[in-house]
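Asks: Input run24.txt, format and content: compact mmCIF, C-alpha atoms.
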# COMPACT_ATOMS: atom_id res chain seq x y z
CA MET A 1 0.00 0.00 0.00
CA ILE A 2 1.09 3.58 -0.54
CA LYS A 3 1.93 5.17 2.81
CA LEU A 4 2.75 8.58 1.37
CA CYS A 5 2.96 10.27 -2.01
CA ARG A 6 5.34 13.21 -1.79
CA VAL A 7 6.37 16.05 -4.08
CA ASP A 8 9.99 17.01 -3.43
CA HIS A 9 12.28 18.53 -6.04
CA ARG A 10 15.27 16.99 -4.28
CA LEU A 11 13.63 13.53 -4.56
CA LEU A 12 15.43 11.12 -2.21
CA HIS A 13 17.51 12.98 0.39
CA GLY A 14 18.07 13.17 4.15
CA GLN A 15 14.60 14.25 5.26
CA VAL A 16 12.95 11.61 3.12
CA ALA A 17 15.40 8.83 3.87
CA PHE A 18 15.57 9.29 7.62
CA SER A 19 12.53 11.17 8.85
CA TRP A 20 9.84 9.77 6.56
CA CYS A 21 10.97 6.20 6.15
CA HIS A 22 11.26 5.76 9.89
CA ALA A 23 7.98 7.46 10.74
CA LEU A 24 6.00 5.59 8.08
CA GLY A 25 7.65 2.24 8.70
CA ALA A 26 8.18 2.12 4.93
CA ASP A 27 10.03 -0.83 3.38
CA ALA A 28 10.24 0.48 -0.19
CA ILE A 29 10.71 3.80 -1.95
CA LEU A 30 9.53 4.51 -5.48
CA VAL A 31 11.22 7.53 -7.03
CA ALA A 32 8.83 8.48 -9.82
CA SER A 33 10.63 10.92 -12.08
CA ASP A 34 11.33 11.04 -15.81
CA ALA A 35 14.44 13.15 -15.14
CA ALA A 36 15.89 10.79 -12.52
CA ALA A 37 15.03 7.63 -14.45
CA SER A 38 17.09 8.88 -17.40
CA ASP A 39 20.05 10.15 -15.38
CA PRO A 40 22.51 7.36 -14.50
CA ILE A 41 24.59 9.54 -12.17
CA ARG A 42 21.56 10.64 -10.18
CA MET A 43 20.30 7.06 -9.97
CA LYS A 44 23.68 5.85 -8.77
CA THR A 45 23.85 8.52 -6.06
CA MET A 46 20.36 7.70 -4.81
CA ARG A 47 21.10 3.99 -4.74
CA LEU A 48 24.22 4.59 -2.69
CA ALA A 49 22.45 6.87 -0.26
CA LYS A 50 19.27 4.87 0.32
CA PRO A 51 18.57 3.74 3.87
CA VAL A 52 19.95 0.32 4.80
CA GLY A 53 17.48 -2.50 4.17
CA MET A 54 15.18 -0.36 2.05
CA LYS A 55 14.12 -1.32 -1.47
CA LEU A 56 14.62 1.56 -3.88
CA VAL A 57 12.97 1.56 -7.31
CA ILE A 58 13.44 4.43 -9.77
CA LYS A 59 10.99 4.71 -12.66
CA SER A 60 9.61 7.21 -15.14
CA ILE A 61 6.17 8.59 -14.33
CA ASP A 62 4.44 6.37 -16.92
CA ASP A 63 6.22 3.25 -15.65
CA SER A 64 5.52 4.22 -12.04
CA ILE A 65 1.80 4.56 -12.70
CA ALA A 66 1.79 1.25 -14.58
CA ALA A 67 3.61 -0.49 -11.71
CA ILE A 68 1.25 0.84 -9.05
CA LYS A 69 -1.84 0.00 -11.12
CA SER A 70 -0.59 -3.52 -11.83
CA GLY A 71 -0.61 -4.34 -8.12
CA VAL A 72 3.10 -5.31 -7.83
CA THR A 73 3.59 -2.59 -5.22
CA ASP A 74 0.63 -3.66 -3.05
CA LYS A 75 2.69 -5.86 -0.74
CA TYR A 76 5.07 -3.03 0.15
CA LYS A 77 4.70 -0.20 2.61
CA LEU A 78 5.57 2.23 -0.13
CA LEU A 79 6.80 5.79 -0.05
CA VAL A 80 6.41 7.46 -3.45
CA VAL A 81 8.54 10.53 -4.15
CA THR A 82 8.17 12.63 -7.25
CA GLY A 83 9.84 15.84 -8.37
CA SER A 84 7.03 18.18 -9.41
CA VAL A 85 3.44 19.13 -8.61
CA ALA A 86 2.31 18.07 -12.09
CA ASP A 87 3.88 14.61 -11.68
CA GLY A 88 2.43 14.27 -8.19
CA ALA A 89 -1.04 15.19 -9.45
CA ARG A 90 -0.80 12.63 -12.25
CA LEU A 91 0.18 9.88 -9.82
CA VAL A 92 -2.57 10.76 -7.36
CA GLU A 93 -5.24 10.96 -10.04
CA GLU A 94 -4.31 7.96 -12.13
CA CYS A 95 -3.58 5.66 -9.19
CA GLY A 96 -6.42 6.85 -6.95
CA ILE A 97 -4.15 7.98 -4.09
CA PRO A 98 -6.23 9.95 -1.54
CA SER A 99 -3.55 12.38 -0.37
CA LEU A 100 -0.61 14.37 -1.74
CA ASN A 101 2.22 15.62 0.49
CA LEU A 102 4.05 18.76 -0.63
CA GLY A 103 7.56 18.55 0.79
CA GLY A 104 9.52 20.99 -1.30
CA THR A 105 9.43 22.75 -4.64
CA GLU A 106 12.08 25.21 -5.70
CA LYS A 107 11.57 28.94 -5.92
CA THR A 108 12.07 30.08 -9.54
CA ASP A 109 11.22 33.04 -11.79
CA GLN A 110 7.92 31.36 -12.57
CA THR A 111 6.73 30.67 -9.03
CA THR A 112 4.13 33.15 -7.87
CA LYS A 113 3.10 31.86 -4.47
CA THR A 114 4.75 30.36 -1.40
CA LEU A 115 2.40 27.88 0.22
CA GLY A 116 4.61 26.95 3.16
CA ILE A 117 8.26 26.54 4.09
CA ALA A 118 10.11 25.36 0.97
CA VAL A 119 6.94 25.01 -1.13
CA HIS A 120 6.78 27.47 -4.02
CA VAL A 121 4.29 27.09 -6.88
CA THR A 122 3.57 28.59 -10.27
CA ASP A 123 0.13 29.77 -11.43
CA GLN A 124 -0.24 26.58 -13.40
CA GLU A 125 0.62 24.45 -10.36
CA ARG A 126 -1.84 26.36 -8.23
CA GLU A 127 -4.48 25.50 -10.83
CA ILE A 128 -3.50 21.81 -10.73
CA LEU A 129 -3.61 21.70 -6.94
CA ARG A 130 -6.93 23.54 -6.78
CA ALA A 131 -8.40 20.96 -9.12
CA LEU A 132 -7.13 18.16 -6.87
CA VAL A 133 -8.59 19.76 -3.75
CA GLU A 134 -11.92 20.23 -5.51
CA LYS A 135 -11.93 16.53 -6.39
CA GLY A 136 -11.55 15.70 -2.70
CA VAL A 137 -7.83 14.85 -2.66
CA GLU A 138 -6.10 15.92 0.54
CA VAL A 139 -3.21 18.25 -0.32
CA GLU A 140 -0.95 18.85 2.67
CA ILE A 141 2.41 20.45 3.46
CA ARG A 142 4.95 18.79 5.72
CA GLN A 143 8.70 18.77 5.31
CA VAL A 144 9.35 16.10 7.88
CA ALA A 145 7.07 13.55 9.52
CA LYS A 146 7.07 15.34 12.87
CA ASP A 147 5.73 18.58 11.38
CA LYS A 148 2.07 19.41 11.89
CA LYS A 149 0.11 18.54 8.76
CA ALA A 150 -1.03 21.75 7.04
CA VAL A 151 -3.97 20.75 4.82
CA LEU A 152 -4.65 23.20 2.01
CA SER A 153 -8.09 24.39 0.97
CA ALA A 154 -8.88 25.82 -2.45
CA ALA A 155 -8.78 29.29 -0.88
CA ASP A 156 -5.15 28.77 0.24
CA LEU A 157 -4.16 28.28 -3.37
CA MET B 1 11.79 9.33 28.30
CA THR B 2 15.00 9.13 26.36
CA ARG B 3 17.29 12.14 26.68
CA ILE B 4 20.15 12.81 24.34
CA VAL B 5 22.85 15.26 25.35
CA LEU B 6 25.24 16.57 22.69
CA ALA B 7 28.40 18.02 24.22
CA SER B 8 31.29 19.70 22.44
CA HIS B 9 34.21 22.09 22.70
CA GLY B 10 32.65 25.26 21.29
CA ARG B 11 29.45 25.32 19.24
CA LEU B 12 29.52 22.02 17.37
CA ALA B 13 26.79 20.57 19.61
CA ASP B 14 24.36 23.40 18.78
CA GLY B 15 25.20 23.09 15.10
CA MET B 16 24.64 19.33 15.16
CA LYS B 17 21.26 19.80 16.79
CA ASP B 18 20.36 22.46 14.22
CA THR B 19 21.15 20.11 11.33
CA LEU B 20 19.45 17.15 13.04
CA SER B 21 16.27 19.20 13.43
CA PHE B 22 16.44 20.11 9.77
CA ILE B 23 16.39 16.44 8.84
CA LEU B 24 14.11 15.03 11.53
CA GLY B 25 12.00 17.95 12.76
CA ASP B 26 11.63 19.35 16.26
CA LEU B 27 13.70 17.45 18.86
CA PRO B 28 12.54 18.37 22.37
CA ASN B 29 14.52 15.54 24.00
CA VAL B 30 17.91 16.62 22.63
CA SER B 31 19.94 18.97 24.86
CA THR B 32 23.25 20.60 24.01
CA ILE B 33 26.29 21.62 26.02
CA CYS B 34 28.71 23.95 24.25
CA ALA B 35 31.72 24.02 26.55
CA TYR B 36 34.13 26.94 27.01
CA VAL B 37 32.04 29.37 24.95
CA ASP B 38 31.51 31.46 28.08
CA GLN B 39 34.77 31.72 30.05
CA ASP B 40 32.89 32.27 33.29
CA VAL B 41 30.86 29.04 33.12
CA SER B 42 32.47 25.73 34.03
CA LEU B 43 31.72 22.59 32.06
CA ARG B 44 30.84 20.79 35.28
CA SER B 45 28.18 23.37 36.10
CA GLN B 46 26.74 23.06 32.57
CA ILE B 47 26.54 19.29 32.99
CA ASP B 48 24.90 19.57 36.41
CA GLN B 49 22.39 22.06 35.05
CA THR B 50 21.52 19.79 32.13
CA PHE B 51 21.08 16.68 34.27
CA ALA B 52 19.03 18.64 36.81
CA GLU B 53 16.28 18.94 34.19
CA PHE B 54 15.99 15.17 33.81
CA SER B 55 13.92 12.84 35.93
CA PRO B 56 15.39 9.65 37.49
CA GLU B 57 13.47 7.39 35.05
CA ASP B 58 14.98 9.10 31.99
CA ALA B 59 17.41 7.08 29.90
CA VAL B 60 20.29 9.42 29.10
CA VAL B 61 22.74 9.12 26.23
CA VAL B 62 25.59 11.64 26.09
CA VAL B 63 27.44 12.12 22.82
CA THR B 64 30.68 14.11 22.92
CA ASP B 65 32.78 15.51 20.10
CA ILE B 66 36.03 13.59 20.52
CA PHE B 67 37.46 10.77 22.62
CA GLY B 68 40.34 12.00 24.73
CA GLY B 69 39.09 15.59 24.68
CA SER B 70 38.36 17.39 27.93
CA VAL B 71 34.60 17.30 27.37
CA ASN B 72 34.57 13.53 27.03
CA ASN B 73 37.06 13.20 29.90
CA GLU B 74 34.72 15.14 32.17
CA PHE B 75 31.85 12.78 31.35
CA MET B 76 34.09 9.71 31.72
CA ALA B 77 34.78 10.82 35.27
CA LEU B 78 31.04 10.96 35.91
CA LEU B 79 30.25 7.46 34.65
CA GLY B 80 30.55 5.97 38.15
CA GLU B 81 28.43 8.70 39.66
CA LYS B 82 25.51 9.09 37.24
CA ASP B 83 23.62 6.57 35.14
CA PHE B 84 24.07 7.35 31.44
CA ILE B 85 25.50 5.93 28.23
CA LEU B 86 28.52 7.80 26.87
CA VAL B 87 29.52 7.90 23.20
CA ALA B 88 32.56 9.82 21.90
CA GLY B 89 32.94 11.04 18.30
CA MET B 90 29.68 12.73 17.32
CA ASN B 91 28.70 12.59 13.67
CA MET B 92 25.45 13.01 11.74
CA PRO B 93 24.83 9.42 10.63
CA THR B 94 25.15 8.13 14.19
CA LEU B 95 22.99 10.89 15.63
CA VAL B 96 20.24 10.42 13.05
CA GLU B 97 20.02 6.75 14.04
CA LEU B 98 20.39 7.44 17.75
CA VAL B 99 17.55 9.96 17.82
CA SER B 100 15.31 7.38 16.15
CA GLU B 101 16.16 4.75 18.81
CA ASP B 102 13.28 4.22 21.25
CA GLU B 103 14.79 2.76 24.41
CA PRO B 104 18.55 2.93 24.21
CA THR B 105 20.64 0.25 25.91
CA VAL B 106 24.44 -0.02 25.83
CA GLU B 107 24.13 -2.86 23.28
CA GLY B 108 21.60 -0.91 21.19
CA VAL B 109 23.78 2.20 21.16
CA GLN B 110 26.78 0.02 20.28
CA SER B 111 25.04 -1.17 17.12
CA VAL B 112 23.87 2.36 16.28
CA VAL B 113 27.51 3.49 16.48
CA GLU B 114 28.52 0.55 14.30
CA ARG B 115 25.99 1.53 11.61
CA GLY B 116 27.10 5.16 11.87
CA ARG B 117 30.69 4.06 11.34
CA GLN B 118 29.67 2.30 8.12
CA SER B 119 28.25 5.59 6.84
CA ILE B 120 31.59 7.39 7.10
CA LEU B 121 32.89 6.89 3.60
CA VAL B 122 35.32 8.10 1.02
CA CYS B 123 32.90 8.49 -1.88
CA ASN B 124 35.30 8.45 -4.82
CA GLY B 125 34.91 5.30 -6.82
CA LEU B 126 32.06 3.83 -4.80
CA ALA B 127 30.23 1.11 -6.70
CA SER B 128 26.44 1.23 -6.45
CA ASP B 129 24.07 -1.70 -6.23
CA GLU B 130 22.22 -2.96 -9.28
CA SER B 131 18.88 -1.37 -10.01
CA GLU B 132 15.97 -2.90 -8.13
CA GLU B 133 12.48 -3.86 -9.24
CA PHE B 134 9.25 -4.55 -7.37
Just give me the structure as C-alpha cells.

Replies:
Amino acid sequence: MIKLCRVDHRLLHGQVAFSWCHALGADAILVASDAAASDPIRMKTMRLAKPVGMKLVIKSIDDSIAAIKSGVTDKYKLLVVTGSVADGARLVEECGIPSLNLGGTEKTDQTTKTLGIAVHVTDQEREILRALVEKGVEVEIRQVAKDKKAVLSAADL
Amino acid sequence: MTRIVLASHGRLADGMKDTLSFILGDLPNVSTICAYVDQDVSLRSQIDQTFAEFSPEDAVVVVTDIFGGSVNNEFMALLGEKDFILVAGMNMPTLVELVSEDEPTVEGVQSVVERGRQSILVCNGLASDESEEF
C-alpha cells in the first residue's frame, strides 16, 4: 500500500530517507521521475544513499503509474517521491491515491506563491492543486514527519 | 523518556542539533552543552544544570565531540556517579540513528555506532548496487 505520495524537487535525500521512512515504517521507496530515471549519475547517487534495508525503485512517471496499477507494489509499505506538482497530481489521479504531500518545490522566476516553508508554486501548479482539492484529494504540506500537517483548501491556493 | 545530550568544545553541539532538526524535525529531548564558549561558566556546572532537568526514570545518552578531549574526559569521570550511556565522536549518521532509537541500551547504542561508522565513507569510486524492481 502507498503510505505517502510526496512532491519534493530533491527527490530522495536526508529528510525523506531518515525522517519519513522511519515514521511511516516504509520498506520500499519509489522515485517516480522522468528526469531521474534517465540520469545514470543521479540514480547511482540515490542507490548509494538509500537507507539500509530499504528497497529503492526508480521509474519514469508512466512506468511508475503502470507499476502501481498492476498491483506489484501492493505488498510493500511504499513511499512514493516525485519531483514536481504536475507529476504528483498525475500519480494521485491515475492511481487513486487519496492524499498528496508537498515537501519541497524550488523557488524560480515562474513561481508566484509560497504555500509553506520550501513550497513554491507557479500559477499553473496552483491550478492543478486547486483541481485536486476540488476533487476531494487531501493536499498537505509537511517537510518532515514530525511537522504538523497543514492541509490546504482551495482558498489557500 | 530518552534524553540525548550533545556536548562539544565550542558550538559544534548546537550546530549538530540544528542540522538534526532540519532532517528530523523538532527534537525536544535533545539537549546541548557547548563548553568553554563562556569563560565564566564551568563545564561541570553546565553538565549539572543539564542533568538537573531530567527525571530519574529518563534514559540518558551523552554524545561528545572527541574521545580524549576534555569534554569527554569530564563525562568519563562521571560514569561511576551518574547513570548514562557515553559515546565519543559525534557525527550526523550516528545521531540520526540514535535519535530514532526508542529505548537505548548499551548494546543498542553500540550497534547504532557501528551503523554510523559504516556511513563514514570516502565516496570516490564507490560502486552502487544494481537497479531494483518490485

Asks: Output as an MDAnalysis selection string the set of chain B residues within 7 Å of chain A, with distances taken over only C-alpha atoms.

Replies: chainID B and resid 23:26 128:129 132:134

Asks: Mind giving me the straight-line distance from CA of Glu103 (chain B) to CA of Lys82 (chain B) in Å, one decimal?

Replies: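 CA of Lys82 (chain B) lies at a distance of 17.9 Å from CA of Glu103 (chain B).
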
Asks: When you look at Pro93 (chain B) with a cut-off of 9 Å (counting all atoms listed in the file), what residues show up, excluding the ones that are within fewer than 5 positions of it in the same chain? I need them as a list of chain:residue names.

Replies: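 Here the answer would be B:Leu98, B:Val113, B:Arg115, B:Gly116, B:Arg117, B:Gln118, B:Ser119, B:Ile120.
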
Asks: Generate a file of the selected residues that holds C-alpha atoms, formatted as an mmCIF file, in the coordinates of the input.

Replies:
data_model
loop_
_atom_site.group_PDB
_atom_site.id
_atom_site.type_symbol
_atom_site.label_atom_id
_atom_site.label_comp_id
_atom_site.auth_asym_id
_atom_site.auth_seq_id
_atom_site.Cartn_x
_atom_site.Cartn_y
_atom_site.Cartn_z
ATOM 1 C CA LEU B 98 20.390 7.440 17.750
ATOM 2 C CA VAL B 113 27.510 3.490 16.480
ATOM 3 C CA ARG B 115 25.990 1.530 11.610
ATOM 4 C CA GLY B 116 27.100 5.160 11.870
ATOM 5 C CA ARG B 117 30.690 4.060 11.340
ATOM 6 C CA GLN B 118 29.670 2.300 8.120
ATOM 7 C CA SER B 119 28.250 5.590 6.840
ATOM 8 C CA ILE B 120 31.590 7.390 7.100
#

Asks: Give me, please, the distance in Å between CA of Val7 (chain A) and CA of Thr82 (chain A), quoted to one decimal.

Replies: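 Going from CA of Val7 (chain A) over to CA of Thr82 (chain A) covers 5.0 Å.
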
Asks: Determine, counting all atoms listed in the file, which protein, DNA and RNA residues have an atom within 12 Å of an atom of Val62 (chain B); residues of the same chain fewer than 5 positions away are not included. Present the result as number ranges by chain.

Replies: B: 2-8, 13, 29-33, 47, 50-51, 71-72, 74-76, 78-79, 82-90, 95, 98-99, 104, 106, 109

Asks: Rounded to one decimal in Å, what is the spacing between CA of Asn101 (chain A) and CA of Ala36 (chain A)?

Replies: 19.5 Å

Asks: Grab all the atoms of region 23-40 of chain A that the file lists, wrap them in a box along x, y and z, add 5 Å per side, and give me centre plus edge lengths in Å (one decimal) as JSON.

Replies:
{"center_x": 14.3, "center_y": 6.2, "center_z": -3.3, "size_x": 26.5, "size_y": 24.0, "size_z": 38.1}

Asks: Could you name the residues that touch region 130-134 of chain A at 10 Å or less, counting all atoms listed in the file, but leaving out those on the same chain fewer than 5 positions away, as a ChimeraX atom specification?

Replies: /A:89-90,92-93,98-100,124-125,139,151-157

Asks: Go ahead and write the residues just picked, C-alpha atoms, as a PDB file, in the frame of the given file.

Replies:
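See part_15.pdb below for the written result:
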ATOM      1  CA  ALA A  89      -1.040  15.190  -9.450  1.00  0.00           C
ATOM      2  CA  ARG A  90      -0.800  12.630 -12.250  1.00  0.00           C
ATOM      3  CA  VAL A  92      -2.570  10.760  -7.360  1.00  0.00           C
ATOM      4  CA  GLU A  93      -5.240  10.960 -10.040  1.00  0.00           C
ATOM      5  CA  PRO A  98      -6.230   9.950  -1.540  1.00  0.00           C
ATOM      6  CA  SER A  99      -3.550  12.380  -0.370  1.00  0.00           C
ATOM      7  CA  LEU A 100      -0.610  14.370  -1.740  1.00  0.00           C
ATOM      8  CA  GLN A 124      -0.240  26.580 -13.400  1.00  0.00           C
ATOM      9  CA  GLU A 125       0.620  24.450 -10.360  1.00  0.00           C
ATOM     10  CA  VAL A 139      -3.210  18.250  -0.320  1.00  0.00           C
ATOM     11  CA  VAL A 151      -3.970  20.750   4.820  1.00  0.00           C
ATOM     12  CA  LEU A 152      -4.650  23.200   2.010  1.00  0.00           C
ATOM     13  CA  SER A 153      -8.090  24.390   0.970  1.00  0.00           C
ATOM     14  CA  ALA A 154      -8.880  25.820  -2.450  1.00  0.00           C
ATOM     15  CA  ALA A 155      -8.780  29.290  -0.880  1.00  0.00           C
ATOM     16  CA  ASP A 156      -5.150  28.770   0.240  1.00  0.00           C
ATOM     17  CA  LEU A 157      -4.160  28.280  -3.370  1.00  0.00           C
TER      18      LEU A 157
END

Asks: Counting only C-alpha atoms, which residue out of A:Arg126, A:Lys50, A:Lys69, A:Arg6 sits closest to Cys95 (chain A)?

Replies: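 Distance minimum relative to Cys95 (chain A) lands on A:Lys69.
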
Asks: For a quick check of your reading of the model, name the residues lying within 12 Å of the coordinate (12.4, 15.3, -7.0), counting all atoms listed in the file, and write them as number ranges by chain.

Replies: A: 5-13, 16, 30-37, 42-43, 46, 58, 60-61, 80-88, 102-106

Asks: N, CA and C atoms are what I want for region 17-45 of chain B; can you complete it accordingly and write them as a PDB file, in the frame of the given file?

Replies:
ATOM      1  N   LYS B  17      22.692  19.847  16.488  1.00  0.00           N
ATOM      2  CA  LYS B  17      21.260  19.800  16.790  1.00  0.00           C
ATOM      3  C   LYS B  17      20.468  20.553  15.714  1.00  0.00           C
ATOM      4  N   ASP B  18      21.017  21.678  15.265  1.00  0.00           N
ATOM      5  CA  ASP B  18      20.360  22.460  14.220  1.00  0.00           C
ATOM      6  C   ASP B  18      20.173  21.619  12.957  1.00  0.00           C
ATOM      7  N   THR B  19      21.223  20.931  12.538  1.00  0.00           N
ATOM      8  CA  THR B  19      21.150  20.110  11.330  1.00  0.00           C
ATOM      9  C   THR B  19      20.245  18.888  11.539  1.00  0.00           C
ATOM     10  N   LEU B  20      20.327  18.296  12.723  1.00  0.00           N
ATOM     11  CA  LEU B  20      19.450  17.150  13.040  1.00  0.00           C
ATOM     12  C   LEU B  20      17.981  17.545  12.948  1.00  0.00           C
ATOM     13  N   SER B  21      17.663  18.733  13.469  1.00  0.00           N
ATOM     14  CA  SER B  21      16.270  19.200  13.430  1.00  0.00           C
ATOM     15  C   SER B  21      15.834  19.455  12.003  1.00  0.00           C
ATOM     16  N   PHE B  22      16.768  19.882  11.180  1.00  0.00           N
ATOM     17  CA  PHE B  22      16.440  20.110   9.770  1.00  0.00           C
ATOM     18  C   PHE B  22      16.003  18.812   9.114  1.00  0.00           C
ATOM     19  N   ILE B  23      16.688  17.731   9.458  1.00  0.00           N
ATOM     20  CA  ILE B  23      16.390  16.440   8.840  1.00  0.00           C
ATOM     21  C   ILE B  23      15.193  15.756   9.500  1.00  0.00           C
ATOM     22  N   LEU B  24      15.103  15.828  10.820  1.00  0.00           N
ATOM     23  CA  LEU B  24      14.110  15.030  11.530  1.00  0.00           C
ATOM     24  C   LEU B  24      12.950  15.821  12.121  1.00  0.00           C
ATOM     25  N   GLY B  25      13.048  17.145  12.133  1.00  0.00           N
ATOM     26  CA  GLY B  25      12.000  17.950  12.760  1.00  0.00           C
ATOM     27  C   GLY B  25      12.374  18.302  14.196  1.00  0.00           C
ATOM     28  N   ASP B  26      11.407  18.864  14.908  1.00  0.00           N
ATOM     29  CA  ASP B  26      11.630  19.350  16.260  1.00  0.00           C
ATOM     30  C   ASP B  26      12.122  18.219  17.184  1.00  0.00           C
ATOM     31  N   LEU B  27      13.125  18.495  18.005  1.00  0.00           N
ATOM     32  CA  LEU B  27      13.700  17.450  18.860  1.00  0.00           C
ATOM     33  C   LEU B  27      13.730  17.910  20.320  1.00  0.00           C
ATOM     34  N   PRO B  28      12.592  17.847  21.002  1.00  0.00           N
ATOM     35  CA  PRO B  28      12.540  18.370  22.370  1.00  0.00           C
ATOM     36  C   PRO B  28      13.395  17.584  23.368  1.00  0.00           C
ATOM     37  N   ASN B  29      13.757  16.339  23.038  1.00  0.00           N
ATOM     38  CA  ASN B  29      14.520  15.540  24.000  1.00  0.00           C
ATOM     39  C   ASN B  29      16.032  15.589  23.759  1.00  0.00           C
ATOM     40  N   VAL B  30      16.468  16.477  22.872  1.00  0.00           N
ATOM     41  CA  VAL B  30      17.910  16.620  22.630  1.00  0.00           C
ATOM     42  C   VAL B  30      18.404  17.916  23.280  1.00  0.00           C
ATOM     43  N   SER B  31      19.348  17.797  24.209  1.00  0.00           N
ATOM     44  CA  SER B  31      19.940  18.970  24.860  1.00  0.00           C
ATOM     45  C   SER B  31      21.361  19.161  24.340  1.00  0.00           C
ATOM     46  N   THR B  32      21.878  20.363  24.470  1.00  0.00           N
ATOM     47  CA  THR B  32      23.250  20.600  24.010  1.00  0.00           C
ATOM     48  C   THR B  32      24.066  21.271  25.123  1.00  0.00           C
ATOM     49  N   ILE B  33      25.338  20.937  25.139  1.00  0.00           N
ATOM     50  CA  ILE B  33      26.290  21.620  26.020  1.00  0.00           C
ATOM     51  C   ILE B  33      27.452  22.084  25.133  1.00  0.00           C
ATOM     52  N   CYS B  34      27.590  23.397  25.015  1.00  0.00           N
ATOM     53  CA  CYS B  34      28.710  23.950  24.250  1.00  0.00           C
ATOM     54  C   CYS B  34      29.721  24.470  25.274  1.00  0.00           C
ATOM     55  N   ALA B  35      30.779  23.697  25.474  1.00  0.00           N
ATOM     56  CA  ALA B  35      31.720  24.020  26.550  1.00  0.00           C
ATOM     57  C   ALA B  35      32.669  25.148  26.139  1.00  0.00           C
ATOM     58  N   TYR B  36      33.083  25.904  27.119  1.00  0.00           N
ATOM     59  CA  TYR B  36      34.130  26.940  27.010  1.00  0.00           C
ATOM     60  C   TYR B  36      33.742  28.117  26.103  1.00  0.00           C
ATOM     61  N   VAL B  37      32.473  28.216  25.748  1.00  0.00           N
ATOM     62  CA  VAL B  37      32.040  29.370  24.950  1.00  0.00           C
ATOM     63  C   VAL B  37      32.013  30.603  25.855  1.00  0.00           C
ATOM     64  N   ASP B  38      31.508  30.396  27.077  1.00  0.00           N
ATOM     65  CA  ASP B  38      31.510  31.460  28.080  1.00  0.00           C
ATOM     66  C   ASP B  38      32.596  31.132  29.104  1.00  0.00           C
ATOM     67  N   GLN B  39      33.616  31.974  29.166  1.00  0.00           N
ATOM     68  CA  GLN B  39      34.770  31.720  30.050  1.00  0.00           C
ATOM     69  C   GLN B  39      34.374  31.604  31.508  1.00  0.00           C
ATOM     70  N   ASP B  40      33.264  32.223  31.867  1.00  0.00           N
ATOM     71  CA  ASP B  40      32.890  32.270  33.290  1.00  0.00           C
ATOM     72  C   ASP B  40      32.067  31.053  33.728  1.00  0.00           C
ATOM     73  N   VAL B  41      31.707  30.189  32.776  1.00  0.00           N
ATOM     74  CA  VAL B  41      30.860  29.040  33.120  1.00  0.00           C
ATOM     75  C   VAL B  41      31.672  27.757  33.014  1.00  0.00           C
ATOM     76  N   SER B  42      31.695  26.970  34.086  1.00  0.00           N
ATOM     77  CA  SER B  42      32.470  25.730  34.030  1.00  0.00           C
ATOM     78  C   SER B  42      31.668  24.625  33.363  1.00  0.00           C
ATOM     79  N   LEU B  43      32.376  23.720  32.727  1.00  0.00           N
ATOM     80  CA  LEU B  43      31.720  22.590  32.060  1.00  0.00           C
ATOM     81  C   LEU B  43      30.922  21.785  33.071  1.00  0.00           C
ATOM     82  N   ARG B  44      31.527  21.574  34.247  1.00  0.00           N
ATOM     83  CA  ARG B  44      30.840  20.790  35.280  1.00  0.00           C
ATOM     84  C   ARG B  44      29.486  21.412  35.645  1.00  0.00           C
ATOM     85  N   SER B  45      29.449  22.732  35.739  1.00  0.00           N
ATOM     86  CA  SER B  45      28.180  23.370  36.100  1.00  0.00           C
ATOM     87  C   SER B  45      27.159  23.234  34.944  1.00  0.00           C
TER      88      SER B  45
END
